[in-house]
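Working notes, structure below.
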Amino acid sequence: MLALDDYIVDVLLRDLVGHDHRPVAFLVYLWLAAEQQRRGDEVRVSYQEMAETIGVAKSSVQSAVRWLVRRKLLAATKQNATATPRYSVLRPWTDSARRSASRASHSSRSGRASGR
């Protein structure tokens with residue numbers, strides 16, 4: 001069963017579909033997140049295969065991938081210009097939470113070390 005972070009449904013859905021007016025970007029993100037979870041690794045898939053699986057046009061998938069990469073929600077890499085891309089779903093909200101917790105932990109240790 002797919003485990004979704006609450007942020008995806010509570011915030012990202014509204015942000016991509018409502019604010020950005022890019023529902024296909026949300027579908028692409030959701031599908032890639034599910035595939036990455038199933039495979040346990042990056043997802044290597046062509047635009048055409050992704051479009052057919054999701055049920056949208058290839059050009060819509062291309063546009064969605066560009067948008068997700070721009071928003072830093074997706075990383076895409078290729079071995080060369082004609083290779084099938086590998087996608088890695090990013091979760092910047094969890095990274096920023098970890099950084100905040102790390103900073104808070106560091107500052108509390110600094111405060112004890114200086115005798116405050």
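In the structure tokens, each chain is lettered A, B, ... as it comes, each chain's residues begin at 1, and ligands are numbered from 1 in order of appearance.
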
* Per-residue DSSP, segment 26-102 of chain A, filtered to alpha helix (DSSP H), as a VMD selection string -> chain A and resid 26 to 39 47 to 54 58 to 70 92 to 102

Show which residues sit within 8 Å of Thr84 of chain A, as a PDB file with N, CA and C atoms, in the first residue's frame. Count only C-alpha atoms, and ignore same-chain residues fewer than 2 positions away.
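Saved result, out_14.pdb, follows:
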```pdb
ATOM      1  N   ARG A  44      13.409   5.041 -13.684  1.00  0.00           N
ATOM      2  CA  ARG A  44      13.852   5.289 -15.063  1.00  0.00           C
ATOM      3  C   ARG A  44      12.655   5.007 -15.967  1.00  0.00           C
ATOM      4  N   VAL A  45      12.167   6.077 -16.613  1.00  0.00           N
ATOM      5  CA  VAL A  45      10.961   5.950 -17.432  1.00  0.00           C
ATOM      6  C   VAL A  45      10.975   7.053 -18.482  1.00  0.00           C
ATOM      7  N   SER A  46      10.464   6.729 -19.667  1.00  0.00           N
ATOM      8  CA  SER A  46      10.372   7.727 -20.739  1.00  0.00           C
ATOM      9  C   SER A  46       9.132   8.595 -20.540  1.00  0.00           C
ATOM     10  N   LYS A  78      20.253  12.220 -16.681  1.00  0.00           N
ATOM     11  CA  LYS A  78      20.432  11.390 -17.876  1.00  0.00           C
ATOM     12  C   LYS A  78      21.909  11.069 -18.015  1.00  0.00           C
ATOM     13  N   THR A  82      20.432  11.397 -25.176  1.00  0.00           N
ATOM     14  CA  THR A  82      19.340  10.565 -25.700  1.00  0.00           C
ATOM     15  C   THR A  82      18.924   9.454 -24.734  1.00  0.00           C
ATOM     16  N   ARG A  86      16.242   9.380 -15.426  1.00  0.00           N
ATOM     17  CA  ARG A  86      16.007   8.772 -14.110  1.00  0.00           C
ATOM     18  C   ARG A  86      15.469   9.875 -13.219  1.00  0.00           C
TER      19      ARG A  86
END
```

* **Nearby residues (only C-alpha atoms) at most 12 Å from segment 7-10 of chain A, same-chain spacing under 5 positions excluded, as a VMD selection string** => chain A and resid 15 to 17 26 to 27 29 to 30 33 to 34 73 89 to 94

Could the residues in this selection be written to a file with C-alpha atoms, as a PDB file, in the first residue's frame?
```
ATOM      1  CA  ASP A  15      -0.312  24.331  -4.358  1.00  0.00           C
ATOM      2  CA  LEU A  16       0.221  22.558  -7.700  1.00  0.00           C
ATOM      3  CA  VAL A  17      -3.422  22.244  -8.779  1.00  0.00           C
ATOM      4  CA  PHE A  26       0.591  16.765  -9.273  1.00  0.00           C
ATOM      5  CA  LEU A  27      -0.321  13.523 -11.075  1.00  0.00           C
ATOM      6  CA  TYR A  29       4.630  13.752  -8.802  1.00  0.00           C
ATOM      7  CA  LEU A  30       2.176  11.313  -7.233  1.00  0.00           C
ATOM      8  CA  ALA A  33       6.444   8.948  -5.704  1.00  0.00           C
ATOM      9  CA  ALA A  34       4.455   5.695  -5.817  1.00  0.00           C
ATOM     10  CA  LEU A  73      10.237  18.621  -6.173  1.00  0.00           C
ATOM     11  CA  VAL A  89      11.172  12.439  -6.033  1.00  0.00           C
ATOM     12  CA  LEU A  90      12.310  15.144  -3.621  1.00  0.00           C
ATOM     13  CA  ARG A  91      10.592  16.128  -0.388  1.00  0.00           C
ATOM     14  CA  PRO A  92      12.000  19.563   0.466  1.00  0.00           C
ATOM     15  CA  TRP A  93       9.553  20.015   3.357  1.00  0.00           C
ATOM     16  CA  THR A  94      11.168  17.086   5.217  1.00  0.00           C
TER      17      THR A  94
END
```

* Residue nearest Tyr47 of chain A - candidates A:Ala25, A:Glu35, A:Asp5, A:Gln62, atoms counted: only C-alpha atoms ->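 Once distances to Tyr47 of chain A are computed over only C-alpha atoms, the minimum belongs to A:Gln62.
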
* Which one of A:Asp95, A:Val69, A:Ala64, A:Tyr87 sits closest to Asp20 of chain A if you count only C-alpha atoms? ->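 Of all the options, A:Ala64 lies closest to Asp20 of chain A.
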
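One finds atom CA of Ala75 of chain A at 19.1 Å from atom CA of Ile54 of chain A.
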
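Nearest residue to Arg39 of chain A among A:Pro85, A:Gln79, A:His19, A:Leu2 is A:Leu2, counting only C-alpha atoms.
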
* To do: Give me every strand (DSSP E or B) residue in chain A, going by DSSP on the backbone, as a ChimeraX atom specification.
  => /A:43-44,74-77,86-89

Using only C-alpha atoms, please write the residues we just selected to a file, as a PDB file, in the first residue's frame.
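The resulting file, selection25.pdb, is shown below:
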```
ATOM      1  CA  VAL A  43      12.544   5.639 -11.510  1.00  0.00           C
ATOM      2  CA  ARG A  44      13.852   5.289 -15.063  1.00  0.00           C
ATOM      3  CA  LEU A  74      11.911  16.300  -8.666  1.00  0.00           C
ATOM      4  CA  ALA A  75      15.471  15.559  -9.739  1.00  0.00           C
ATOM      5  CA  ALA A  76      16.009  14.284 -13.284  1.00  0.00           C
ATOM      6  CA  THR A  77      19.289  12.894 -14.582  1.00  0.00           C
ATOM      7  CA  ARG A  86      16.007   8.772 -14.110  1.00  0.00           C
ATOM      8  CA  TYR A  87      13.739  10.576 -11.696  1.00  0.00           C
ATOM      9  CA  SER A  88      14.089  10.975  -7.984  1.00  0.00           C
ATOM     10  CA  VAL A  89      11.172  12.439  -6.033  1.00  0.00           C
TER      11      VAL A  89
END
```

* To do: For atom CA of His21 of chain A and atom CA of Glu42 of chain A, quote the distance in Å rounded to one decimal.
  =>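 Between these atoms lies a distance of 26.6 Å.
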
* Asked: A:Leu32, A:Arg38, A:Asn80, A:Ser63: which is nearest Met50 of chain A, counting only C-alpha atoms?
  ->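 The shortest atom-to-atom distance to Met50 of chain A comes from A:Leu32.
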